[in-house]
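Novice: I'd like to ask some things about the structure below.
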Amino acid sequence: MASGQQARAQAAAITPGRRSSEVEPEFESETDGGAGSGAASPAERVRALFGGHRLSPAQRRIAQFLTDHLTEAAFLSITELAERVGVSQPSVTRFASSLGFSGYPALREALQPIALSAVAGAPGEGEERHRNELQSAIDAEIENLTSLRRALADPDRIVAIGRELARSVPLTVVGLRISVSLAEYFAYAARRIHPDVRVVTRGGSVAFDGLLQAREAGGTWVLAFAMPRHAKETLAVVRAARGVGLRVALITDLALGPLVDEAEEVFTAGTGSRLVFDSYAAPGVLSAGILQAMADADPERTQARLEKYEHAAEQHDFFLDD
């Protein structure tokens with residue numbers, strides 16, 4: 001008889017090519033309030049302005065500031081924006097031009113309706129006044145999960161990366177500093193369904209040794225976690241992985257930046273930042289989704305390994321009887 005976890009693995013199998021009936025149409029215009037303007041969140045609409053453009057480091061800083069501070073930034077003058085980001089005014093002008101706008105005023109004109117929609121969609125004063133800090137933090141995480149749900153309406157990318165990670169033997173999982181917990185969770189679960197999972201939680205030469213050994217043993221992929229604050233050593237490890245011939249799938253909160261530029265596949269999930277330390281509801285769910293896709297990629301191996309583990313757990317009495 002299948003264990004509870006085996007039954008869950010079977011019941012939760014992802015159907016490739018199946019799109020949710022709730023997939024929203026692409027918005028027709030970021031500025032005209034078109035048919036899809038209400039479908040995507042304001043942050044997603046702003047990121048869509050930047051998508052497909054190669055940006056310099058200074059331009060990525062501008063883009064990130066506009067995304068993170070939309071309701072304020074959309075009404076700043078070019079001088080104020082340059083000062084807030086720490087770049088020159090010509091850099092702001094070049095940034096707007098690189099996106100296809102005639103100049104910063106045209107970009108600001110495109111951003112302002114999106115910012116106003118964000119304000120209009122915010123809770124009213126009465127509701128806000130009756131929420132405490134913990135409830136506000138949970139509300140922010142609900143928004144992160146809602147955005148992730150929308151992004152995963154088409155599961156094909158998750159299915160594809162699950163197949164690639166399942167085939168990579170060994171599979172290396174990277175997470176440094178605050179991202180260690182996510183990497184350890186993923187690796188702990190992945191070992192139940194994958195024959196060789198290795199974890200890198202330290203940078204420098206130790207990380208390089210592990211990556212090189214994984215590649216020489218036949219590994220093809222690394223799954224890296226990068227949560228804020230984003231460490232320089234994480235970027236160094238990702239570059240080292242590519243340097244030894246490994247491909248990189250990245251789970252992060254970033255839509256832009258050097259880490260994103262270095263990865264072959266990027267999956268974004270927002271982090272909760274309303275409390276003194278960040279929370280990771282959406283990255284955790286995204287991780288579980290990729291694990292499910294790995295399980296689906298080789299169902300016979302998955303079931304065989306889960307059966308073997310359940311036998312060992314029963315033999316050695318690992319768990320309490322709940």
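Chain labels follow the order of the structure tokens: the first chain is A, the next B, and so on; residue numbering restarts at 1 in every chain, and ligands are counted from 1 in their shown order.
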Compile the contact shell of Leu49 of chain A as number ranges by chain: residues with an atom at most 10 Å away, counting only C-alpha atoms, same-chain residues fewer than 3 positions apart removed.
Specialist: A: 29-30, 44-46, 52-53, 63, 99-100, 107, 110-111
Novice: How would you write, as a PDB file with N, CA and C atoms, in the first residue's frame, the set of residues in segment 94-192 of chain A that DSSP gives as strand (DSSP E)?
Specialist:
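The resulting file, part_20.pdb, is reproduced below:
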ATOM      1  N   LEU A 171      22.896  16.173  -8.784  1.00  0.00           N
ATOM      2  CA  LEU A 171      22.254  17.484  -8.824  1.00  0.00           C
ATOM      3  C   LEU A 171      22.820  18.302  -7.670  1.00  0.00           C
ATOM      4  N   THR A 172      23.294  19.511  -7.976  1.00  0.00           N
ATOM      5  CA  THR A 172      23.859  20.382  -6.948  1.00  0.00           C
ATOM      6  C   THR A 172      22.871  21.494  -6.615  1.00  0.00           C
ATOM      7  N   VAL A 173      22.661  21.704  -5.321  1.00  0.00           N
ATOM      8  CA  VAL A 173      21.769  22.757  -4.835  1.00  0.00           C
ATOM      9  C   VAL A 173      22.612  23.772  -4.078  1.00  0.00           C
ATOM     10  N   VAL A 174      22.480  25.045  -4.433  1.00  0.00           N
ATOM     11  CA  VAL A 174      23.297  26.112  -3.855  1.00  0.00           C
ATOM     12  C   VAL A 174      22.420  27.078  -3.071  1.00  0.00           C
ATOM     13  N   GLY A 175      22.861  27.406  -1.871  1.00  0.00           N
ATOM     14  CA  GLY A 175      22.206  28.440  -1.077  1.00  0.00           C
ATOM     15  C   GLY A 175      23.175  28.944  -0.027  1.00  0.00           C
TER      16      GLY A 175
END
Novice: Return as a Markdown table the residues of segment 148-187 of chain A lying at most 10 Å from segment 209-231 of chain A, together with the closest atom-to-atom pair for each and the distance in Å to one decimal, counting only C-alpha atoms, with rows in chain order and ascending residue number.
Specialist:
| residue | atom | partner | partner_atom | distance |
| --- | --- | --- | --- | --- |
| A:Ile161 | CA | A:Trp221 | CA | 9.7 |
| A:Glu164 | CA | A:Trp221 | CA | 7.5 |
| A:Leu165 | CA | A:Trp221 | CA | 6.3 |
| A:Ala166 | CA | A:Trp221 | CA | 9.4 |
| A:Arg167 | CA | A:Thr220 | CA | 8.2 |
| A:Ser168 | CA | A:Gly219 | CA | 5.0 |
| A:Val169 | CA | A:Gly219 | CA | 4.9 |
| A:Pro170 | CA | A:Gly219 | CA | 4.7 |
| A:Leu171 | CA | A:Gly219 | CA | 6.0 |
| A:Thr172 | CA | A:Val222 | CA | 4.8 |
| A:Val173 | CA | A:Leu223 | CA | 4.8 |
| A:Val174 | CA | A:Ala224 | CA | 4.5 |
| A:Gly175 | CA | A:Phe225 | CA | 5.1 |
| A:Leu176 | CA | A:Ala226 | CA | 7.7 |
| A:Arg177 | CA | A:Ala231 | CA | 7.7 |
| A:Ile178 | CA | A:Met227 | CA | 6.9 |
| A:Ser179 | CA | A:Met227 | CA | 5.8 |
| A:Val180 | CA | A:Phe225 | CA | 8.0 |
| A:Ser181 | CA | A:Phe225 | CA | 9.6 |
| A:Leu182 | CA | A:Phe225 | CA | 7.0 |
| A:Ala183 | CA | A:Phe225 | CA | 6.5 |
| A:Phe186 | CA | A:Leu223 | CA | 9.4 |
| A:Ala187 | CA | A:Leu223 | CA | 9.8 |
Novice: With C-alpha atoms retained, write the just-selected residues as a PDB file, in the first residue's frame.
Specialist:
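Result written to part_13.pdb:
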ATOM      1  CA  ILE A 161      13.084  22.347 -15.415  1.00  0.00           C
ATOM      2  CA  GLU A 164      16.260  18.645 -16.425  1.00  0.00           C
ATOM      3  CA  LEU A 165      17.019  18.595 -12.697  1.00  0.00           C
ATOM      4  CA  ALA A 166      15.824  15.002 -12.405  1.00  0.00           C
ATOM      5  CA  ARG A 167      18.211  13.968 -15.190  1.00  0.00           C
ATOM      6  CA  SER A 168      21.212  15.711 -13.637  1.00  0.00           C
ATOM      7  CA  VAL A 169      23.099  13.110 -11.609  1.00  0.00           C
ATOM      8  CA  PRO A 170      24.469  14.446  -9.394  1.00  0.00           C
ATOM      9  CA  LEU A 171      22.254  17.484  -8.824  1.00  0.00           C
ATOM     10  CA  THR A 172      23.859  20.382  -6.948  1.00  0.00           C
ATOM     11  CA  VAL A 173      21.769  22.757  -4.835  1.00  0.00           C
ATOM     12  CA  VAL A 174      23.297  26.112  -3.855  1.00  0.00           C
ATOM     13  CA  GLY A 175      22.206  28.440  -1.077  1.00  0.00           C
ATOM     14  CA  LEU A 176      24.456  30.794   0.867  1.00  0.00           C
ATOM     15  CA  ARG A 177      23.796  32.936   3.929  1.00  0.00           C
ATOM     16  CA  ILE A 178      20.038  33.483   4.413  1.00  0.00           C
ATOM     17  CA  SER A 179      19.269  31.188   1.481  1.00  0.00           C
ATOM     18  CA  VAL A 180      20.788  28.162   3.202  1.00  0.00           C
ATOM     19  CA  SER A 181      17.449  27.188   4.733  1.00  0.00           C
ATOM     20  CA  LEU A 182      15.705  27.036   1.352  1.00  0.00           C
ATOM     21  CA  ALA A 183      18.560  25.047  -0.190  1.00  0.00           C
ATOM     22  CA  PHE A 186      14.964  21.466  -1.222  1.00  0.00           C
ATOM     23  CA  ALA A 187      17.903  19.080  -0.953  1.00  0.00           C
TER      24      ALA A 187
END
Novice: I'd like the contact shell of Leu291 of chain A - 8 Å cut-off, only C-alpha atoms, skipping same-chain residues fewer than 2 positions apart - returned as a PyMOL selection string.
Specialist: chain A and resi 162+186+189-190+287-289+293-295
Novice: For the selection just defined, write its residues with N, CA and C atoms to a file, as a JSON list (two decimals), in the first residue's frame.
Specialist:
[["chain", "number", "residue", "atom", "x", "y", "z"],
["A", 162, "GLY", "N", 11.91, 20.67, -14.07],
["A", 162, "GLY", "CA", 11.87, 19.47, -13.24],
["A", 162, "GLY", "C", 12.48, 18.28, -13.95],
["A", 186, "PHE", "N", 15.10, 22.06, 0.10],
["A", 186, "PHE", "CA", 14.96, 21.47, -1.22],
["A", 186, "PHE", "C", 15.79, 20.18, -1.31],
["A", 189, "ALA", "N", 14.29, 17.16, 0.64],
["A", 189, "ALA", "CA", 13.18, 16.52, -0.04],
["A", 189, "ALA", "C", 13.64, 15.84, -1.33],
["A", 190, "ALA", "N", 14.53, 16.50, -2.07],
["A", 190, "ALA", "CA", 14.96, 15.94, -3.36],
["A", 190, "ALA", "C", 15.67, 14.61, -3.18],
["A", 287, "SER", "N", 9.48, 26.09, -4.63],
["A", 287, "SER", "CA", 10.40, 24.96, -4.45],
["A", 287, "SER", "C", 9.65, 23.64, -4.46],
["A", 288, "ALA", "N", 8.53, 23.60, -3.73],
["A", 288, "ALA", "CA", 7.74, 22.38, -3.68],
["A", 288, "ALA", "C", 7.19, 22.02, -5.06],
["A", 289, "GLY", "N", 6.85, 23.05, -5.86],
["A", 289, "GLY", "CA", 6.36, 22.79, -7.21],
["A", 289, "GLY", "C", 7.43, 22.18, -8.10],
["A", 293, "ALA", "N", 7.61, 18.51, -9.94],
["A", 293, "ALA", "CA", 7.96, 18.30, -11.34],
["A", 293, "ALA", "C", 9.09, 17.29, -11.49],
["A", 294, "MET", "N", 10.05, 17.31, -10.57],
["A", 294, "MET", "CA", 11.12, 16.31, -10.58],
["A", 294, "MET", "C", 10.56, 14.91, -10.33],
["A", 295, "ALA", "N", 9.62, 14.81, -9.40],
["A", 295, "ALA", "CA", 9.01, 13.52, -9.11],
["A", 295, "ALA", "C", 8.26, 13.00, -10.34]]
Novice: Atom CA of Arg198 of chain A and atom CA of His311 of chain A, how far apart in Å?
Specialist: 23.3 Å
Novice: May I have the residues within 7 Å of Tyr104 of chain A as a CSV table (one decimal) with N, CA, C and O atoms, in the first residue's frame, using only C-alpha atoms and disregarding those fewer than 2 positions away in the same chain?
Specialist:
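Written out: result_36.csv:
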chain,number,residue,atom,x,y,z
A,78,ILE,N,13.2,64.1,-12.9
A,78,ILE,CA,14.5,63.4,-13.3
A,78,ILE,C,15.6,63.6,-12.3
A,78,ILE,O,16.4,62.7,-12.0
A,92,VAL,N,19.5,58.4,-16.3
A,92,VAL,CA,18.1,58.2,-16.3
A,92,VAL,C,17.5,58.4,-17.8
A,92,VAL,O,16.7,57.6,-18.2
A,93,THR,N,18.0,59.4,-18.5
A,93,THR,CA,17.6,59.7,-19.8
A,93,THR,C,17.9,58.5,-20.7
A,93,THR,O,17.1,58.0,-21.5
A,96,ALA,N,15.5,55.6,-20.1
A,96,ALA,CA,14.2,55.7,-20.7
A,96,ALA,C,14.3,55.4,-22.2
A,96,ALA,O,13.5,54.8,-22.8
A,106,ALA,N,8.3,60.9,-21.0
A,106,ALA,CA,7.4,59.9,-21.6
A,106,ALA,C,7.4,58.6,-20.7
A,106,ALA,O,6.3,58.0,-20.6
A,107,LEU,N,8.5,58.2,-20.2
A,107,LEU,CA,8.5,57.0,-19.3
A,107,LEU,C,7.7,57.3,-18.1
A,107,LEU,O,6.9,56.4,-17.6
A,108,ARG,N,7.8,58.4,-17.5
A,108,ARG,CA,7.1,58.8,-16.3
A,108,ARG,C,5.6,58.8,-16.6
A,108,ARG,O,4.8,58.4,-15.8
Novice: Tell me which protein, DNA and RNA residues are within 7 Å of segment 239-242 of chain A, counting only C-alpha atoms, leaving out same-chain ones fewer than 4 positions away, and put them as a list in words.
Specialist: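 Surrounding residues, per the criterion: Phe208, Leu211, Leu235, Leu246, Arg247 and Glu262 of chain A.
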